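Engineer: Input: one structure, supplied below.
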Amino acid sequence: HLFEALLGTVAAHHPTLARTADALAALDALAALAEVAHRRGYVRPAITRAPTLTIRAGRHPVVEAVAGGGFVPNDTRLDPETEQLLVITGPNMGGKSTYLRQVALITLLAQTGSFVPAAEAEIGLVDRIFTRVGASDNLVGGESTFMVEMRETANILSELTPRSLVVLDEIGRGTSTFDGISIAWAVAEHLHDALERPRTLFATHYHELTALGAEKPRVRNLSVAVAEWKGEIVFLRQIVPGPAPRSYGVEVARLAGVPEPVVARARALLAGLETGQGPVGRGPEPAAAQLSLFSADEERIRRELAGIDPERLTPLEALAVLARLVEMARG
Ligand SMILES: Nc1ncnc2c1ncn2[C@@H]1O[C@H](COP(=O)(O)OP(=O)(O)OP(=O)(O)O)[C@@H](O)[C@H]1O
Ligand SMILES: [Mg+2]
């Protein structure tokens, strides 16, 4: 009986209590943001109407907290007129994913009204942050890893706006190399050519994609720097202009504790692949067919092309040359 009376009294005050709880929750969230901002040296971002994004010495709020004082800050500049799509390459463990996410998080924090982990930030208002990161599947829902990846990509490509921020981490990784490169390339091209000109960060291991930098006016190549020291790689975590020299995947596998014979075998296979000879000895057969397209045949076509003098070719000869090149390309 007493309990019911109590409930009745509380119920009568329900609207006031709910409003108080709301206010306290908001206050709690704001106080937490303020405390973190104060403790970790965040700055007040400028929010502008320009469709650009400028971050000086930005940091990843969580990785920074875990890394203590060792976090390396990086700059970001996005501008739909000039630097619309950043292609980021670099070794495994270099810091590509961290960089992508820090840009998305700083943007998100700024727009929630928080200070941001950077020395300075000017955020052109964003109406969507699209991300395609990590590998997840939905087995129960009947979708494989690659299916999920492509469905998310499809969603991004069809929902673009001029104020979108797009963050793509290793698109196309979930399938065979050539399919993957082709999809990644086409997606990057589409994002660049789209009328919306969404600001885009695009991390990839497909070195081929860095060629987009020369082909497309608003694509910029960036990479995460590493140093080699006495045969070991040292991660510098600094974002620098230009494409990465190579992937260092085998070195990172060794660092991770993959047994030495496996690492040595991988290194030998890699050397074979890189010289276009295909894996020697006990190497897997099918790779050879893939290789020819990117190495030996490509080289033959390149030589053929280099030997042509367009000034001296009659239209008929040109057609014959073209037919021969196409035949070569098709193998
Ligand atoms: N700017 C940075 N300063 C200090 N440490 C960093 C920085 N960026 C990344 N790291 C550290 O390096 C680790 C690897 O970073 P990240 O996952 O971003 O690499 P990645 O280039 O995406 O590698 P992968 O190609 O394997 O996906 C992080 O877990 C973090 O500890
Ligand atoms: Mg990564």
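Every chain in the structure tokens has a letter given in the order shown (A, B, ...), and although residue numbers restart at 1 in each chain, ligands are simply numbered from 1 in the order shown.
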Can you tell me, as a ChimeraX atom specification, which residues in segment 196-274 of chain A count as alpha helix (DSSP H) by DSSP?
Structural biologist: /A:212-215,249-255,260-274
Engineer: Filtering to N, CA and C atoms, could you give me those residues as a compact mmCIF listing (two decimals), in the first residue's frame?
Structural biologist:
# COMPACT_ATOMS: atom_id res chain seq x y z
N LEU A 212 46.45 6.85 -60.28
CA LEU A 212 45.34 7.78 -60.39
C LEU A 212 45.79 9.22 -60.15
N GLY A 213 46.82 9.37 -59.34
CA GLY A 213 47.33 10.69 -59.01
C GLY A 213 47.78 11.46 -60.25
N ALA A 214 48.32 10.73 -61.22
CA ALA A 214 48.78 11.37 -62.45
C ALA A 214 47.63 11.55 -63.43
N GLU A 215 46.61 10.73 -63.27
CA GLU A 215 45.54 10.69 -64.26
C GLU A 215 44.40 11.63 -63.94
N GLY A 249 54.95 -6.09 -46.41
CA GLY A 249 54.08 -7.10 -45.78
C GLY A 249 54.87 -8.26 -45.18
N VAL A 250 55.90 -8.71 -45.90
CA VAL A 250 56.68 -9.85 -45.41
C VAL A 250 57.42 -9.48 -44.12
N GLU A 251 57.97 -8.25 -44.09
CA GLU A 251 58.68 -7.81 -42.87
C GLU A 251 57.72 -7.75 -41.68
N VAL A 252 56.51 -7.26 -41.95
CA VAL A 252 55.55 -7.16 -40.85
C VAL A 252 55.14 -8.56 -40.39
N ALA A 253 55.01 -9.49 -41.33
CA ALA A 253 54.69 -10.88 -40.96
C ALA A 253 55.77 -11.43 -40.03
N ARG A 254 57.02 -11.09 -40.33
CA ARG A 254 58.13 -11.56 -39.49
C ARG A 254 58.04 -10.95 -38.10
N LEU A 255 57.78 -9.62 -38.07
CA LEU A 255 57.62 -8.94 -36.78
C LEU A 255 56.53 -9.58 -35.95
N GLU A 260 60.20 -18.37 -39.18
CA GLU A 260 61.25 -17.93 -40.10
C GLU A 260 61.23 -18.66 -41.46
N PRO A 261 61.06 -20.01 -41.50
CA PRO A 261 61.02 -20.68 -42.81
C PRO A 261 59.88 -20.17 -43.70
N VAL A 262 58.75 -19.89 -43.10
CA VAL A 262 57.60 -19.38 -43.87
C VAL A 262 57.93 -18.00 -44.41
N VAL A 263 58.54 -17.17 -43.56
CA VAL A 263 58.92 -15.82 -43.98
C VAL A 263 59.93 -15.89 -45.12
N ALA A 264 60.90 -16.79 -44.98
CA ALA A 264 61.93 -16.92 -46.02
C ALA A 264 61.30 -17.36 -47.33
N ARG A 265 60.40 -18.32 -47.24
CA ARG A 265 59.71 -18.80 -48.45
C ARG A 265 58.89 -17.67 -49.09
N ALA A 266 58.20 -16.90 -48.26
CA ALA A 266 57.40 -15.79 -48.77
C ALA A 266 58.29 -14.78 -49.47
N ARG A 267 59.46 -14.54 -48.88
CA ARG A 267 60.38 -13.56 -49.47
C ARG A 267 60.84 -14.03 -50.85
N ALA A 268 61.13 -15.34 -50.96
CA ALA A 268 61.57 -15.90 -52.24
C ALA A 268 60.45 -15.80 -53.28
N LEU A 269 59.23 -16.14 -52.86
CA LEU A 269 58.09 -16.06 -53.78
C LEU A 269 57.88 -14.62 -54.24
N LEU A 270 58.00 -13.71 -53.29
CA LEU A 270 57.81 -12.30 -53.61
C LEU A 270 58.83 -11.83 -54.64
N ALA A 271 60.08 -12.25 -54.43
CA ALA A 271 61.13 -11.85 -55.37
C ALA A 271 60.79 -12.35 -56.76
N GLY A 272 60.29 -13.58 -56.85
CA GLY A 272 59.89 -14.14 -58.14
C GLY A 272 58.78 -13.34 -58.77
N LEU A 273 57.79 -13.02 -57.96
CA LEU A 273 56.64 -12.26 -58.46
C LEU A 273 57.08 -10.89 -58.96
N GLU A 274 57.98 -10.27 -58.20
CA GLU A 274 58.38 -8.91 -58.55
C GLU A 274 59.20 -8.84 -59.82
Engineer: Residues within 12 Å of ligand 2 should be enumerated using only C-alpha atoms and all ligand atoms and returned as JSON, numbers by chain.
Structural biologist: {"A": [88, 89, 90, 91, 92, 93, 94, 95, 96, 97, 98, 99, 100, 101, 132, 133, 134, 135, 168, 169, 170, 171, 173, 202, 203, 204, 205, 224]}
Engineer: Of the candidates A:Ser176, A:Gln102, A:Thr200, A:Thr145, which one gets nearest to Leu157 of chain A if we count only C-alpha atoms?
Structural biologist: A:Thr200
Engineer: Point out the residue among A:Thr210, A:Thr20, A:Ser164, A:Asn74 with the least atom-to-atom distance to ligand 1, counting only C-alpha atoms and all ligand atoms.
Structural biologist: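 Going through A:Thr210, A:Thr20, A:Ser164, A:Asn74 one by one, the smallest distance to ligand 1 is for A:Asn74.
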Engineer: In segment 5-113 of chain A, what's strand (DSSP E) per DSSP? Answer as a JSON list (two decimals) with all heavy atoms, in the first residue's frame?
Structural biologist:
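Listing of part-v9.json after writing:
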[["chain", "number", "residue", "atom", "x", "y", "z"],
["A", 46, "ALA", "N", 37.05, 25.51, -35.97],
["A", 46, "ALA", "CA", 36.19, 26.46, -36.66],
["A", 46, "ALA", "C", 35.30, 25.66, -37.60],
["A", 46, "ALA", "O", 35.77, 24.78, -38.32],
["A", 46, "ALA", "CB", 37.04, 27.45, -37.45],
["A", 47, "ILE", "N", 34.02, 25.93, -37.56],
["A", 47, "ILE", "CA", 33.10, 25.27, -38.49],
["A", 47, "ILE", "C", 32.73, 26.28, -39.56],
["A", 47, "ILE", "O", 32.31, 27.39, -39.23],
["A", 47, "ILE", "CB", 31.81, 24.81, -37.77],
["A", 47, "ILE", "CG1", 32.14, 24.01, -36.51],
["A", 47, "ILE", "CG2", 30.90, 24.05, -38.72],
["A", 47, "ILE", "CD1", 32.25, 22.53, -36.69],
["A", 48, "THR", "N", 32.95, 25.92, -40.81],
["A", 48, "THR", "CA", 32.69, 26.89, -41.88],
["A", 48, "THR", "C", 31.70, 26.32, -42.90],
["A", 48, "THR", "O", 31.40, 25.13, -42.88],
["A", 48, "THR", "CB", 33.98, 27.26, -42.63],
["A", 48, "THR", "OG1", 34.38, 26.13, -43.41],
["A", 48, "THR", "CG2", 35.09, 27.63, -41.68],
["A", 53, "LEU", "N", 38.24, 21.05, -45.74],
["A", 53, "LEU", "CA", 38.56, 20.50, -44.43],
["A", 53, "LEU", "C", 40.05, 20.65, -44.20],
["A", 53, "LEU", "O", 40.85, 20.21, -45.01],
["A", 53, "LEU", "CB", 38.17, 19.01, -44.43],
["A", 53, "LEU", "CG", 38.05, 18.31, -43.08],
["A", 53, "LEU", "CD1", 36.93, 17.30, -43.14],
["A", 53, "LEU", "CD2", 39.33, 17.61, -42.71],
["A", 54, "THR", "N", 40.40, 21.33, -43.14],
["A", 54, "THR", "CA", 41.82, 21.56, -42.86],
["A", 54, "THR", "C", 42.11, 21.20, -41.41],
["A", 54, "THR", "O", 41.50, 21.77, -40.51],
["A", 54, "THR", "CB", 42.20, 23.04, -43.10],
["A", 54, "THR", "OG1", 41.69, 23.44, -44.37],
["A", 54, "THR", "CG2", 43.70, 23.23, -43.08],
["A", 55, "ILE", "N", 43.02, 20.27, -41.21],
["A", 55, "ILE", "CA", 43.39, 19.89, -39.85],
["A", 55, "ILE", "C", 44.91, 20.00, -39.74],
["A", 55, "ILE", "O", 45.63, 19.47, -40.58],
["A", 55, "ILE", "CB", 42.96, 18.44, -39.53],
["A", 55, "ILE", "CG1", 41.44, 18.30, -39.61],
["A", 55, "ILE", "CG2", 43.46, 18.01, -38.16],
["A", 55, "ILE", "CD1", 40.95, 16.87, -39.60],
["A", 56, "ARG", "N", 45.35, 20.73, -38.73],
["A", 56, "ARG", "CA", 46.80, 20.80, -38.51],
["A", 56, "ARG", "C", 47.13, 19.98, -37.28],
["A", 56, "ARG", "O", 46.50, 20.12, -36.23],
["A", 56, "ARG", "CB", 47.24, 22.26, -38.33],
["A", 56, "ARG", "CG", 48.75, 22.44, -38.53],
["A", 56, "ARG", "CD", 49.11, 23.91, -38.74],
["A", 56, "ARG", "NE", 48.69, 24.74, -37.60],
["A", 56, "ARG", "CZ", 49.34, 24.76, -36.42],
["A", 56, "ARG", "NH1", 50.40, 24.01, -36.24],
["A", 56, "ARG", "NH2", 48.90, 25.53, -35.45],
["A", 57, "ALA", "N", 48.11, 19.08, -37.43],
["A", 57, "ALA", "CA", 48.56, 18.21, -36.35],
["A", 57, "ALA", "C", 47.38, 17.51, -35.66],
["A", 57, "ALA", "O", 47.21, 17.60, -34.44],
["A", 57, "ALA", "CB", 49.38, 19.02, -35.34],
["A", 58, "GLY", "N", 46.60, 16.81, -36.45],
["A", 58, "GLY", "CA", 45.47, 16.06, -35.90],
["A", 58, "GLY", "C", 45.92, 14.76, -35.25],
["A", 58, "GLY", "O", 46.96, 14.20, -35.60],
["A", 74, "ASN", "N", 49.34, 14.38, -37.46],
["A", 74, "ASN", "CA", 49.42, 14.55, -38.91],
["A", 74, "ASN", "C", 48.43, 15.59, -39.42],
["A", 74, "ASN", "O", 47.36, 15.77, -38.84],
["A", 74, "ASN", "CB", 49.17, 13.22, -39.61],
["A", 74, "ASN", "CG", 50.41, 12.35, -39.64],
["A", 74, "ASN", "OD1", 51.43, 12.73, -40.22],
["A", 74, "ASN", "ND2", 50.33, 11.19, -38.99],
["A", 75, "ASP", "N", 48.81, 16.25, -40.51],
["A", 75, "ASP", "CA", 47.94, 17.26, -41.12],
["A", 75, "ASP", "C", 46.99, 16.64, -42.14],
["A", 75, "ASP", "O", 47.27, 15.57, -42.68],
["A", 75, "ASP", "CB", 48.79, 18.30, -41.87],
["A", 75, "ASP", "CG", 49.72, 19.05, -40.94],
["A", 75, "ASP", "OD1", 49.52, 18.95, -39.71],
["A", 75, "ASP", "OD2", 50.64, 19.74, -41.44],
["A", 76, "THR", "N", 45.90, 17.32, -42.41],
["A", 76, "THR", "CA", 44.98, 16.89, -43.46],
["A", 76, "THR", "C", 44.45, 18.11, -44.18],
["A", 76, "THR", "O", 44.13, 19.12, -43.55],
["A", 76, "THR", "CB", 43.75, 16.15, -42.87],
["A", 76, "THR", "OG1", 44.21, 15.15, -41.97],
["A", 76, "THR", "CG2", 42.93, 15.51, -43.99],
["A", 77, "ARG", "N", 44.37, 18.00, -45.50],
["A", 77, "ARG", "CA", 43.77, 19.08, -46.27],
["A", 77, "ARG", "C", 42.91, 18.46, -47.36],
["A", 77, "ARG", "O", 43.39, 17.67, -48.16],
["A", 77, "ARG", "CB", 44.88, 19.95, -46.88],
["A", 77, "ARG", "CG", 44.41, 20.94, -47.91],
["A", 77, "ARG", "CD", 43.73, 22.14, -47.29],
["A", 77, "ARG", "NE", 43.13, 22.97, -48.33],
["A", 77, "ARG", "CZ", 42.16, 23.87, -48.11],
["A", 77, "ARG", "NH1", 41.69, 24.05, -46.89],
["A", 77, "ARG", "NH2", 41.68, 24.57, -49.10],
["A", 78, "LEU", "N", 41.63, 18.78, -47.36],
["A", 78, "LEU", "CA", 40.72, 18.30, -48.39],
["A", 78, "LEU", "C", 40.01, 19.49, -49.01],
["A", 78, "LEU", "O", 39.59, 20.41, -48.29],
["A", 78, "LEU", "CB", 39.68, 17.35, -47.80],
["A", 78, "LEU", "CG", 40.15, 15.91, -47.51],
["A", 78, "LEU", "CD1", 39.22, 15.25, -46.51],
["A", 78, "LEU", "CD2", 40.24, 15.10, -48.78],
["A", 85, "LEU", "N", 40.39, 13.86, -53.40],
["A", 85, "LEU", "CA", 40.49, 12.44, -53.07],
["A", 85, "LEU", "C", 41.94, 12.09, -52.71],
["A", 85, "LEU", "O", 42.84, 12.23, -53.52],
["A", 85, "LEU", "CB", 40.02, 11.61, -54.27],
["A", 85, "LEU", "CG", 39.74, 10.13, -54.04],
["A", 85, "LEU", "CD1", 38.66, 9.65, -55.00],
["A", 85, "LEU", "CD2", 40.98, 9.28, -54.20],
["A", 86, "LEU", "N", 42.15, 11.70, -51.47],
["A", 86, "LEU", "CA", 43.49, 11.36, -51.02],
["A", 86, "LEU", "C", 43.67, 9.85, -51.06],
["A", 86, "LEU", "O", 42.94, 9.12, -50.40],
["A", 86, "LEU", "CB", 43.72, 11.86, -49.59],
["A", 86, "LEU", "CG", 43.39, 13.33, -49.31],
["A", 86, "LEU", "CD1", 43.66, 13.66, -47.84],
["A", 86, "LEU", "CD2", 44.19, 14.26, -50.23],
["A", 87, "VAL", "N", 44.63, 9.39, -51.87],
["A", 87, "VAL", "CA", 44.96, 7.96, -51.92],
["A", 87, "VAL", "C", 46.13, 7.72, -50.97],
["A", 87, "VAL", "O", 47.20, 8.29, -51.15],
["A", 87, "VAL", "CB", 45.33, 7.51, -53.34],
["A", 87, "VAL", "CG1", 45.80, 6.07, -53.36],
["A", 87, "VAL", "CG2", 44.13, 7.69, -54.28],
["A", 88, "ILE", "N", 45.90, 6.91, -49.94],
["A", 88, "ILE", "CA", 46.92, 6.72, -48.92],
["A", 88, "ILE", "C", 47.48, 5.31, -48.99],
["A", 88, "ILE", "O", 46.75, 4.33, -48.83],
["A", 88, "ILE", "CB", 46.34, 6.99, -47.52],
["A", 88, "ILE", "CG1", 45.86, 8.45, -47.46],
["A", 88, "ILE", "CG2", 47.38, 6.76, -46.44],
["A", 88, "ILE", "CD1", 44.55, 8.61, -46.78],
["A", 89, "THR", "N", 48.77, 5.22, -49.28],
["A", 89, "THR", "CA", 49.43, 3.92, -49.31],
["A", 89, "THR", "C", 50.48, 3.87, -48.21],
["A", 89, "THR", "O", 50.79, 4.89, -47.60],
["A", 89, "THR", "CB", 50.11, 3.68, -50.68],
["A", 89, "THR", "OG1", 50.84, 4.85, -51.04],
["A", 89, "THR", "CG2", 49.09, 3.38, -51.76]]
Engineer: Counting only C-alpha atoms, which residue out of A:Arg19, A:His192, A:Glu122, A:Glu149 sits closest to Pro217 of chain A?
Structural biologist: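 Checking each candidate against Pro217 of chain A, we get A:His192 as the closest.
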Engineer: Pick out the residues sitting within 7 Å of segment 38-41 of chain A, and hand them over as number ranges by chain; count only C-alpha atoms, and ignore anything fewer than 3 positions along from it in its own chain.
Structural biologist: A: 34-35, 117
